[in-house]
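Only one structure is covered here, and it is reproduced in the block below.
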Amino acid sequence: MMTKVHAQLAVVASPKQRRPYARELERAFQNLGKDFGWRGVQGILFKEVNQWFVTSHLEASLLSQQTSLIVSTKPMAIDPIFWDICGFPENKDKPLSFRALGAWTCPALEMVSADVAEAADASDTATTALTMAGELLGAGTPPSLAWFEAECRKAWEHQPAILASIITTLVATERRREALELCLEAKARGETGGFVNAGDSFVQAAIRRL
């Protein structure tokens, strides 16, 4: 029993102890990312894969020795539609990283959240996470617009802004009437779609455009 208790205590850490490791891990993840085909900005890795925008980042707990890898995606086609609807066509000329960091961008859909085995050296943990990300992206059937729409609809209740991703996906798949009907239903419920500019919501702007 004593050994088991010590093993449990070994994974408990204070924020003061964990912050340096978390910072080092973020730097290592971004610096090593290019070796695995990623580009990095502000601790987030991103790239375009077969017309899908993919991001990955690490979340290191400050209370325990636990790190999670988060991989998210969205179709490359939907942000330009979103910018046209919202009146920001100039955003099409922004660098690719803007799709990850820009305030007025379609939310991405979380594909994977997986625990990463930590090593004492943050670079080793980052390498493990990058290897996992590559394996996850290479496994299984590539994503489809139908899959993306269906999963966004599931997330909509808890992530209001993902309505923008649903509407733009409908437009991208030539289903403008469905997109308009969904916006009208959202407006009737008082929803904004998660974006408001000078009193004008995404839902209102989309209704005018559609």
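Ordering of the structure tokens sets the chain letters (A, B, ...); residue numbers start at 1 within each chain; ligands are numbered from 1 in the order shown.
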
At a cut-off of 10 Å, using only C-alpha atoms, what residues contact Trp104 in chain A? Leave out same-chain residues fewer than 6 positions from it and give the result as an mmCIF file with N, CA, C and O atoms, in the first residue's frame.
```
data_model
loop_
_atom_site.group_PDB
_atom_site.id
_atom_site.type_symbol
_atom_site.label_atom_id
_atom_site.label_comp_id
_atom_site.auth_asym_id
_atom_site.auth_seq_id
_atom_site.Cartn_x
_atom_site.Cartn_y
_atom_site.Cartn_z
ATOM 1 N N ASP A 79 -14.190 29.337 -44.335
ATOM 2 C CA ASP A 79 -13.827 30.667 -43.841
ATOM 3 C C ASP A 79 -14.060 31.766 -44.888
ATOM 4 O O ASP A 79 -14.610 32.825 -44.550
ATOM 5 N N PHE A 82 -17.651 32.597 -44.847
ATOM 6 C CA PHE A 82 -17.949 33.327 -43.623
ATOM 7 C C PHE A 82 -17.550 34.794 -43.758
ATOM 8 O O PHE A 82 -18.294 35.701 -43.371
ATOM 9 N N TRP A 83 -16.367 35.061 -44.309
ATOM 10 C CA TRP A 83 -15.899 36.441 -44.455
ATOM 11 C C TRP A 83 -16.760 37.227 -45.433
ATOM 12 O O TRP A 83 -17.010 38.414 -45.220
ATOM 13 N N CYS A 86 -19.994 38.124 -43.540
ATOM 14 C CA CYS A 86 -19.795 39.116 -42.482
ATOM 15 C C CYS A 86 -19.213 40.435 -42.978
ATOM 16 O O CYS A 86 -19.090 41.393 -42.204
ATOM 17 N N PHE A 88 -16.124 40.891 -44.472
ATOM 18 C CA PHE A 88 -14.681 41.014 -44.302
ATOM 19 C C PHE A 88 -13.935 40.249 -45.402
ATOM 20 O O PHE A 88 -13.094 39.389 -45.108
ATOM 21 N N ASN A 91 -10.101 39.463 -45.438
ATOM 22 C CA ASN A 91 -9.474 38.413 -44.619
ATOM 23 C C ASN A 91 -8.977 37.235 -45.456
ATOM 24 O O ASN A 91 -8.172 36.433 -44.982
ATOM 25 N N PHE A 98 -4.098 32.881 -39.640
ATOM 26 C CA PHE A 98 -5.250 33.684 -39.225
ATOM 27 C C PHE A 98 -6.476 32.800 -38.994
ATOM 28 O O PHE A 98 -7.321 33.103 -38.152
ATOM 29 N N PHE A 195 -21.429 35.603 -33.203
ATOM 30 C CA PHE A 195 -20.662 36.729 -33.722
ATOM 31 C C PHE A 195 -21.579 37.940 -33.869
ATOM 32 O O PHE A 195 -22.634 37.856 -34.503
ATOM 33 N N VAL A 196 -21.170 39.078 -33.303
ATOM 34 C CA VAL A 196 -21.937 40.322 -33.398
ATOM 35 C C VAL A 196 -20.969 41.461 -33.670
ATOM 36 O O VAL A 196 -19.953 41.604 -32.986
ATOM 37 N N ASN A 197 -21.289 42.279 -34.680
ATOM 38 C CA ASN A 197 -20.441 43.418 -35.035
ATOM 39 C C ASN A 197 -21.327 44.652 -35.185
ATOM 40 O O ASN A 197 -22.208 44.692 -36.055
#
```

| task | Enumerate as a PyMOL selection string all residues of chain A assigned to alpha helix (DSSP H) by DSSP on the backbone, naming them with the chain letters and numbers the document uses. | result | chain A and resi 2-10+15-33+78-86+98-101+122-138+145-155+163-172+176-188+202-209

| query | Between CA of Ala206 in chain A and CA of Arg175 in chain A, what is the spacing in Å? | reply |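 Between these atoms lies a distance of 13.3 Å.
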
| message | I'd like the neighbourhood of Arg153 in chain A as a ChimeraX atom specification, where a residue qualifies if any of its atoms comes within 8 Å (using only C-alpha atoms), though same-chain residues fewer than 3 positions away should be ignored. | response | /A:149-150,156-157,163,166

How would the residues just chosen look if you wrote them out with N, CA and C atoms as a JSON list (two decimals), in the first residue's frame?
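Here's the written file out_25.json:
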```json
[["chain", "number", "residue", "atom", "x", "y", "z"],
["A", 149, "GLU", "N", -20.37, 18.53, -40.91],
["A", 149, "GLU", "CA", -21.67, 19.15, -40.61],
["A", 149, "GLU", "C", -22.37, 18.41, -39.48],
["A", 150, "ALA", "N", -22.40, 17.08, -39.56],
["A", 150, "ALA", "CA", -23.10, 16.29, -38.55],
["A", 150, "ALA", "C", -22.48, 16.47, -37.17],
["A", 156, "TRP", "N", -23.36, 22.02, -31.41],
["A", 156, "TRP", "CA", -24.01, 23.33, -31.47],
["A", 156, "TRP", "C", -24.59, 23.78, -30.13],
["A", 157, "GLU", "N", -25.24, 22.88, -29.42],
["A", 157, "GLU", "CA", -25.89, 23.24, -28.16],
["A", 157, "GLU", "C", -24.92, 23.84, -27.16],
["A", 163, "LEU", "N", -22.41, 27.43, -35.12],
["A", 163, "LEU", "CA", -23.46, 27.61, -36.14],
["A", 163, "LEU", "C", -22.87, 28.22, -37.40],
["A", 166, "ILE", "N", -21.59, 25.49, -39.48],
["A", 166, "ILE", "CA", -22.67, 24.71, -40.09],
["A", 166, "ILE", "C", -23.23, 25.44, -41.30]]
```

| query | So which one's closest to Leu63 in chain A, A:Arg18, A:Lys94, A:Arg27, A:Lys34? Using only C-alpha atoms, please. | reply |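 Closest to Leu63 in chain A, using only C-alpha atoms: A:Arg18.
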
| request: as a PyMOL selection string, please: all residues of range 32-194 of chain A that backbone DSSP puts in strand (DSSP E). | output: chain A and resi 39-41+44-49+52-60+67-75+109-116

| Pick the closest to Leu45 in chain A from A:Ala188, A:Leu58, A:Ile85, A:Leu170: which is it, counting only C-alpha atoms? |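 With only C-alpha atoms as the atom set, the closest residue is A:Leu58.
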
| field | Proximity to Pro75 in chain A - best of A:Gln42, A:Gln30, A:Thr105, A:Ser113, only C-alpha atoms | value |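 Of all the options, A:Thr105 lies closest to Pro75 in chain A.
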
| Using only C-alpha atoms, which residue out of A:Ser72, A:Thr173, A:Ser14, A:Thr168 lies closest to Ser56 in chain A? |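 Using only C-alpha atoms, Ser56 in chain A sits closest to A:Ser72.
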
| task | Calculate how many Å separate CA of Leu137 in chain A from CA of Met111 in chain A, rounding to one decimal. | result | 9.6 Å

| request: Fewer than 3 positions away in the same chain doesn't count, so skip those; otherwise give me all residues within 9 Å of Val203 in chain A, counting only C-alpha atoms, as number ranges by chain. | output: A: 163-164, 183-184, 186-187, 191-196, 200, 206-208

| request: Point out the residue among A:Glu118, A:Ala172, A:Arg19, A:Glu110 with the least atom-to-atom distance to Met76 in chain A, counting only C-alpha atoms. | output: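 The closest residue to Met76 in chain A is A:Ala172.
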
| What is the distance between CA of Phe36 in chain A and CA of Phe53 in chain A, in Å to one decimal? |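 These two atoms are separated by 15.8 Å.
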
| task | Determine, counting only C-alpha atoms, which protein, DNA and RNA residues have an atom within 9 Å of an atom of Ile44 in chain A; residues of the same chain fewer than 5 positions away are not included. Present the result as a PyMOL selection string. | result | chain A and resi 26+29-30+39+55-58+100-101

Residues from the last selection, C-alpha atoms, saved as an mmCIF file, in the first residue's frame:
```
data_model
loop_
_atom_site.group_PDB
_atom_site.id
_atom_site.type_symbol
_atom_site.label_atom_id
_atom_site.label_comp_id
_atom_site.auth_asym_id
_atom_site.auth_seq_id
_atom_site.Cartn_x
_atom_site.Cartn_y
_atom_site.Cartn_z
ATOM 1 C CA GLU A 26 4.867 24.617 -25.544
ATOM 2 C CA PHE A 29 6.099 21.503 -29.440
ATOM 3 C CA GLN A 30 6.221 24.549 -31.709
ATOM 4 C CA ARG A 39 3.845 25.477 -38.968
ATOM 5 C CA THR A 55 -4.564 22.554 -35.838
ATOM 6 C CA SER A 56 -2.958 20.819 -32.890
ATOM 7 C CA HIS A 57 -1.925 22.052 -29.475
ATOM 8 C CA LEU A 58 -1.025 20.721 -26.060
ATOM 9 C CA ALA A 100 -6.486 29.554 -36.192
ATOM 10 C CA LEU A 101 -6.118 32.852 -34.340
#
```

| Hey, which of A:Asp93, A:Ala119, A:Ala108, A:Ile81 ends up closest to Gln159 in chain A? Count only C-alpha atoms. |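 The shortest atom-to-atom distance to Gln159 in chain A comes from A:Ala108.
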